[in-house]
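Printed here is coords23.cif (mmCIF, C-alpha atoms and all ligand atoms):
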```cif
data_query
loop_
_atom_site.label_atom_id
_atom_site.label_comp_id
_atom_site.auth_asym_id
_atom_site.auth_seq_id
_atom_site.Cartn_x
_atom_site.Cartn_y
_atom_site.Cartn_z
CA MET A 24 9.70 -8.73 -21.72
CA ARG A 25 12.36 -9.69 -19.20
CA LEU A 26 11.36 -12.56 -16.93
CA ASN A 27 11.54 -10.60 -13.66
CA LYS A 28 9.36 -7.80 -15.02
CA TYR A 29 6.84 -10.31 -16.33
CA ILE A 30 6.58 -12.04 -12.93
CA ALA A 31 6.25 -8.68 -11.15
CA GLN A 32 3.57 -7.42 -13.51
CA ALA A 33 1.61 -10.61 -12.94
CA GLY A 34 1.57 -9.64 -9.25
CA ILE A 35 3.49 -12.67 -8.05
CA ALA A 36 6.66 -11.12 -6.63
CA SER A 37 8.81 -8.02 -6.82
CA ARG A 38 11.41 -7.94 -9.58
CA ARG A 39 14.18 -8.60 -7.08
CA LYS A 40 12.33 -11.54 -5.54
CA ALA A 41 11.55 -12.84 -9.05
CA ASP A 42 15.28 -12.93 -9.81
CA GLU A 43 15.87 -14.90 -6.64
CA LEU A 44 13.09 -17.36 -7.46
CA THR A 45 14.53 -17.79 -10.95
CA LYS A 46 18.06 -18.36 -9.67
CA ASN A 47 16.75 -20.93 -7.21
CA GLY A 48 14.98 -22.93 -9.88
CA ASN A 49 11.41 -22.03 -8.91
CA VAL A 50 10.46 -20.71 -12.33
CA LYS A 51 9.43 -22.77 -15.32
CA VAL A 52 8.86 -21.59 -18.86
CA ASN A 53 6.81 -23.98 -20.97
CA GLY A 54 7.33 -26.68 -18.37
CA VAL A 55 11.12 -26.34 -18.24
CA VAL A 56 13.05 -24.79 -15.34
CA VAL A 57 14.73 -21.55 -16.42
CA THR A 58 17.49 -20.17 -14.19
CA GLU A 59 18.70 -17.49 -16.60
CA MET A 60 17.59 -14.19 -15.07
CA GLY A 61 17.83 -12.31 -18.34
CA TYR A 62 15.42 -14.65 -20.14
CA GLU A 63 13.11 -12.72 -22.48
CA VAL A 64 9.53 -13.98 -22.25
CA GLN A 65 7.99 -14.60 -25.67
CA PRO A 66 4.32 -13.94 -26.47
CA ASP A 67 3.24 -17.59 -26.29
CA ASP A 68 5.37 -18.59 -23.31
CA ARG A 69 3.68 -20.13 -20.30
CA VAL A 70 5.46 -18.94 -17.17
CA GLU A 71 4.99 -20.76 -13.86
CA VAL A 72 6.32 -19.73 -10.48
CA ASN A 73 6.24 -22.49 -7.89
CA GLY A 74 3.54 -24.16 -9.96
CA ARG A 75 1.41 -21.01 -10.22
CA VAL A 76 0.85 -19.71 -13.72
CA ALA A 77 1.86 -16.06 -14.13
CA VAL A 78 -0.72 -14.29 -16.28
CA LEU A 79 -0.49 -10.69 -17.40
CA ALA A 80 -3.60 -8.58 -17.34
CA ASP A 81 -4.85 -7.46 -20.76
CA LYS A 82 -5.31 -4.01 -19.41
CA PHE A 83 -4.15 -2.40 -16.20
CA VAL A 84 -6.71 -0.66 -14.03
CA TYR A 85 -6.11 1.63 -11.06
CA TYR A 86 -8.56 2.63 -8.36
CA MET A 87 -8.61 4.74 -5.22
CA MET A 88 -10.93 3.74 -2.39
CA ASN A 89 -11.90 5.44 0.83
CA LYS A 90 -11.82 2.39 3.07
CA PRO A 91 -14.40 2.33 5.84
CA LYS A 92 -13.80 0.82 9.29
CA GLY A 93 -14.47 -2.86 9.73
CA PHE A 94 -12.97 -4.12 6.46
CA ILE A 95 -9.66 -5.86 6.03
CA THR A 96 -7.32 -5.07 3.17
CA SER A 97 -6.78 -8.52 1.76
CA MET A 98 -8.45 -10.61 -0.84
CA LYS A 99 -9.92 -13.11 1.63
CA ASP A 100 -10.12 -13.45 5.39
CA GLU A 101 -9.73 -16.76 7.19
CA GLN A 102 -12.07 -15.51 9.92
CA GLY A 103 -14.70 -14.50 7.39
CA ARG A 104 -14.54 -10.77 8.12
CA PRO A 105 -15.57 -8.41 5.33
CA THR A 106 -12.75 -7.43 3.00
CA VAL A 107 -12.34 -4.38 0.78
CA MET A 108 -13.06 -6.70 -2.15
CA ASP A 109 -16.65 -6.92 -0.94
CA LEU A 110 -16.93 -3.20 -1.71
CA MET A 111 -15.57 -3.44 -5.27
CA THR A 112 -18.85 -4.50 -6.77
CA ASP A 113 -18.59 -3.24 -10.34
CA VAL A 114 -14.95 -3.82 -11.25
CA PRO A 115 -14.70 -6.17 -14.22
CA VAL A 116 -11.21 -7.48 -13.46
CA ARG A 117 -9.48 -8.84 -10.40
CA VAL A 118 -7.57 -6.10 -8.57
CA PHE A 119 -5.62 -6.28 -5.34
CA PRO A 120 -4.92 -3.73 -2.61
CA VAL A 121 -1.58 -1.90 -2.63
CA GLY A 122 -0.24 -2.21 0.91
CA ARG A 123 -2.46 -2.35 3.97
CA LEU A 124 -4.63 -0.39 6.29
CA ASP A 125 -5.70 -1.76 9.66
CA TYR A 126 -9.20 -3.13 10.13
CA ASN A 127 -10.19 0.04 12.00
CA THR A 128 -8.30 2.57 9.90
CA THR A 129 -10.22 4.47 7.27
CA GLY A 130 -9.01 6.32 4.21
CA MET A 131 -7.03 6.02 1.05
CA LEU A 132 -6.33 2.62 -0.38
CA LEU A 133 -5.09 2.06 -3.91
CA LEU A 134 -6.14 -1.06 -5.80
CA THR A 135 -4.75 -2.30 -9.08
CA ASN A 136 -3.93 -5.35 -11.16
CA ASP A 137 -0.53 -3.82 -12.03
CA GLY A 138 1.72 -5.90 -9.81
CA ASP A 139 4.87 -4.07 -10.85
CA LEU A 140 3.53 -0.69 -9.73
CA ALA A 141 2.12 -2.19 -6.52
CA ASN A 142 5.51 -3.68 -5.67
CA LYS A 143 7.27 -0.45 -6.47
CA LEU A 144 5.00 1.58 -4.20
CA ALA A 145 5.46 -0.89 -1.37
CA HIS A 146 9.24 -1.05 -1.68
CA PRO A 147 11.17 0.77 1.10
CA GLU A 148 13.55 2.27 -1.47
CA HIS A 149 10.71 4.19 -3.12
CA GLU A 150 8.58 4.45 -0.01
CA VAL A 151 6.35 7.34 -0.90
CA GLY A 152 5.11 9.59 1.94
CA LYS A 153 1.79 8.55 3.40
CA THR A 154 -0.20 11.13 5.29
CA TYR A 155 -2.51 10.26 8.16
CA ARG A 156 -4.94 12.29 10.18
CA ALA A 157 -5.15 10.92 13.69
CA THR A 158 -7.37 11.76 16.62
CA VAL A 159 -5.30 11.01 19.68
CA ALA A 160 -5.95 11.09 23.40
CA GLY A 161 -4.13 13.62 25.56
CA VAL A 162 -2.11 16.71 24.86
CA VAL A 163 0.40 16.73 22.02
CA SER A 164 2.91 18.93 23.80
CA LYS A 165 5.92 20.49 22.09
CA LYS A 166 8.06 17.72 23.53
CA ARG A 167 5.81 14.96 22.21
CA LEU A 168 5.60 16.65 18.84
CA ALA A 169 9.39 16.85 18.66
CA MET A 170 9.66 13.16 19.54
CA LEU A 171 7.20 12.16 16.83
CA ARG A 172 9.08 14.28 14.31
CA ARG A 173 12.53 13.07 15.24
CA GLY A 174 11.70 9.37 15.56
CA VAL A 175 10.43 7.18 18.37
CA ASP A 176 11.14 3.67 19.57
CA ILE A 177 8.11 1.58 18.68
CA GLY A 178 9.52 -1.59 20.15
CA GLY A 179 12.87 -2.50 18.70
CA PHE A 180 12.61 -0.01 15.84
CA ILE A 181 13.28 3.73 15.76
CA THR A 182 11.04 5.48 13.26
CA SER A 183 12.57 7.80 10.65
CA PRO A 184 11.92 11.53 10.72
CA ALA A 185 8.28 12.37 10.04
CA GLU A 186 6.39 15.56 9.28
CA VAL A 187 3.88 16.15 12.05
CA THR A 188 1.51 19.05 12.71
CA VAL A 189 -1.15 19.65 15.32
CA VAL A 190 -4.39 20.58 13.58
CA LYS A 191 -6.44 21.02 16.73
CA GLN A 192 -5.88 20.57 20.45
CA THR A 193 -8.75 20.38 22.91
CA GLU A 194 -8.64 19.63 26.61
CA LYS A 195 -8.42 15.86 26.33
CA SER A 196 -7.62 15.06 22.74
CA ALA A 197 -5.93 16.34 19.61
CA ILE A 198 -6.10 15.99 15.87
CA ILE A 199 -2.69 15.63 14.28
CA GLU A 200 -1.43 15.03 10.75
CA LEU A 201 1.62 12.87 10.18
CA THR A 202 3.49 12.05 7.01
CA ILE A 203 5.65 8.97 7.33
CA HIS A 204 7.97 7.44 4.75
CA GLU A 205 8.02 3.87 5.92
CA GLY A 206 5.34 1.33 6.59
CA LYS A 207 5.91 -0.76 9.68
CA ASN A 208 2.92 -2.69 10.96
CA ARG A 209 0.50 -0.35 12.81
CA GLN A 210 3.20 2.29 12.72
CA VAL A 211 1.14 5.41 13.41
CA ARG A 212 -0.73 3.78 16.27
CA ARG A 213 2.54 2.57 17.79
CA MET A 214 4.24 5.96 17.36
CA CYS A 215 1.42 7.83 19.06
CA LYS A 216 1.20 5.30 21.86
CA ALA A 217 4.96 5.52 22.37
CA VAL A 218 4.68 9.25 23.16
CA GLY A 219 1.69 8.73 25.45
CA CYS A 220 -1.11 9.79 23.11
CA PRO A 221 -2.94 6.66 21.94
CA VAL A 222 -4.84 6.85 18.67
CA LYS A 223 -8.62 6.93 18.85
CA GLU A 224 -9.35 7.38 15.14
CA LEU A 225 -7.05 7.02 12.16
CA GLN A 226 -7.55 7.99 8.55
CA ARG A 227 -5.07 7.98 5.66
CA ILE A 228 -5.66 11.17 3.72
CA ALA A 229 -2.91 11.03 1.12
CA ILE A 230 -0.36 8.85 -0.62
CA GLY A 231 2.34 11.11 -1.99
CA ASP A 232 0.51 13.89 -3.82
CA LEU A 233 -2.69 11.91 -4.26
CA TYR A 234 -5.39 13.15 -1.91
CA LEU A 235 -8.57 11.49 -0.80
CA ALA A 236 -10.38 14.83 -1.08
CA ARG A 237 -14.12 14.34 -1.27
CA LEU A 238 -14.28 10.63 -1.95
CA LYS A 239 -16.87 9.26 0.49
CA GLU A 240 -16.21 6.37 2.85
CA GLY A 241 -16.93 3.05 1.18
CA HIS A 242 -16.73 4.62 -2.28
CA TYR A 243 -14.06 4.19 -4.92
CA ARG A 244 -13.14 5.73 -8.24
CA LYS A 245 -10.76 5.15 -11.11
CA LEU A 246 -7.50 7.08 -10.95
CA ARG A 247 -7.15 9.81 -13.56
CA LYS A 248 -4.45 9.53 -16.19
CA GLU A 249 -2.26 12.17 -14.55
CA GLU A 250 -2.56 10.38 -11.20
CA ILE A 251 -1.44 7.10 -12.76
CA ASP A 252 1.46 8.85 -14.48
CA TYR A 253 2.43 10.48 -11.19
CA LEU A 254 2.62 7.09 -9.43
CA LYS A 255 4.55 5.51 -12.28
CA ASN A 256 7.10 8.33 -12.27
CA LEU A 257 7.76 8.32 -8.55
N1 LIG B 301 -0.43 3.10 10.69
C1 LIG B 301 -1.28 2.44 11.50
O1 LIG B 301 -1.08 2.38 12.71
N2 LIG B 301 -2.35 1.85 10.93
C2 LIG B 301 -2.62 1.89 9.62
O2 LIG B 301 -3.62 1.34 9.19
C3 LIG B 301 -1.72 2.58 8.80
C4 LIG B 301 -0.64 3.17 9.35
#
```

Take the structure in this file and express it as structure tokens.
Ligand code: URA
Amino acid sequence: MRLNKYIAQAGIASRRKADELTKNGNVKVNGVVVTEMGYEVQPDDRVEVNGRVAVLADKFVYYMMNKPKGFITSMKDEQGRPTVMDLMTDVPVRVFPVGRLDYNTTGMLLLTNDGDLANKLAHPEHEVGKTYRATVAGVVSKKRLAMLRRGVDIGGFITSPAEVTVVKQTEKSAIIELTIHEGKNRQVRRMCKAVGCPVKELQRIAIGDLYLARLKEGHYRKLRKEEIDYLKNL
């Protein structure tokens, strides 16, 4: 397997970044620096990136979780807050979250030990649509809806066109669904705030064609074969 693919599958860096690391002399194979990007990793090779050994999983596993509020999407938290890993109680191998959801956002989170797929899904070039259901304060007028759809300035960045629909409007709040194709930090919250309708509740209901459906908050399940194939073929 080519060196960059090997490093990506081990979850250390994207293929592109792996090439850079290799070129810059940060990669060793069997204790010797290798700068040749096309190097083919052999079965008994020991690959190290900045001193960290890159190990491939024996078997890739893929999970979907419905993240509850009050959990962070990283492996560990410096401040000791609960992480989504605390919920993965019966998973025999180490998996990591694909992308992030805010501490207070609920909904779909994918977890895997397939670093290559995780990198691919996170990469802007392949940025798959992510659909959120948001309860926002105020009235989502036609003008505000048009702004959200067209793109809004969220502080030095204009968002790309998004699909947005109003599911329900009451006197003081609304439920809207938005599909965005990029993943800036707290993007949905910043978009809604920018049009004057701050988010009160936020849930991710889909990633591409994968839907949360009836998965309960705090629960997780293995992805089905066709779901894994779908993600791989994106
Ligand atoms: N947008 C947000 O504002 N928060 C999330 O958690 C995800 C998308």

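If one restricts the calculation to all atoms listed in the file, the set of residues situated within 7 Å of ligand LIG 301 (chain B) consists of A:Arg123, A:Leu124, A:Asp125, A:Thr128, A:Gly206, A:Asn208, A:Arg209, A:Gln210, A:Val211, A:Arg212, A:Arg213.
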
For the residues selected in the previous step, produce a file with C-alpha atoms as a compact mmCIF listing (two decimals), in the frame of the given file.
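Saved the output as result_39.txt:
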```txt
# COMPACT_ATOMS: atom_id res chain seq x y z
CA ARG A 123 -2.46 -2.35 3.97
CA LEU A 124 -4.63 -0.39 6.29
CA ASP A 125 -5.70 -1.76 9.66
CA THR A 128 -8.30 2.57 9.90
CA GLY A 206 5.34 1.33 6.59
CA ASN A 208 2.92 -2.69 10.96
CA ARG A 209 0.50 -0.35 12.81
CA GLN A 210 3.20 2.29 12.72
CA VAL A 211 1.14 5.41 13.41
CA ARG A 212 -0.73 3.78 16.27
CA ARG A 213 2.54 2.57 17.79
```

Subject >> Gap from atom CA of A:Pro147 to atom CA of A:Lys245 - Å, one decimal >> reply: 25.5 Å

**OP:** May I have the residues within 10 Å of stretch 232-244 of chain A as a ChimeraX atom specification, using only C-alpha atoms and disregarding those fewer than 4 positions away in the same chain?
**Re:** /A:85-92,94,107,110-111,129-134,151-154,227-228,250-251,253-254

Subject >> Pairwise distance for atom CA of A:His204 and atom CA of A:Val175, rounded to one decimal in Å >> reply: 13.8 Å

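Between atom CA of A:Ala185 and atom CA of A:Val218 the interatomic distance comes to 14.0 Å.
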
Once 6 Å is added on each side, what are the centre and the three edge lengths, in Å to one decimal, of the axis-aligned box enclosing the listed atoms of stretch 178-184 of chain A? Present them as lines of an AutoDock Vina configuration file.
```
center_x = 11.4
center_y = 4.5
center_z = 15.4
size_x = 15.8
size_y = 26.0
size_z = 21.5
```
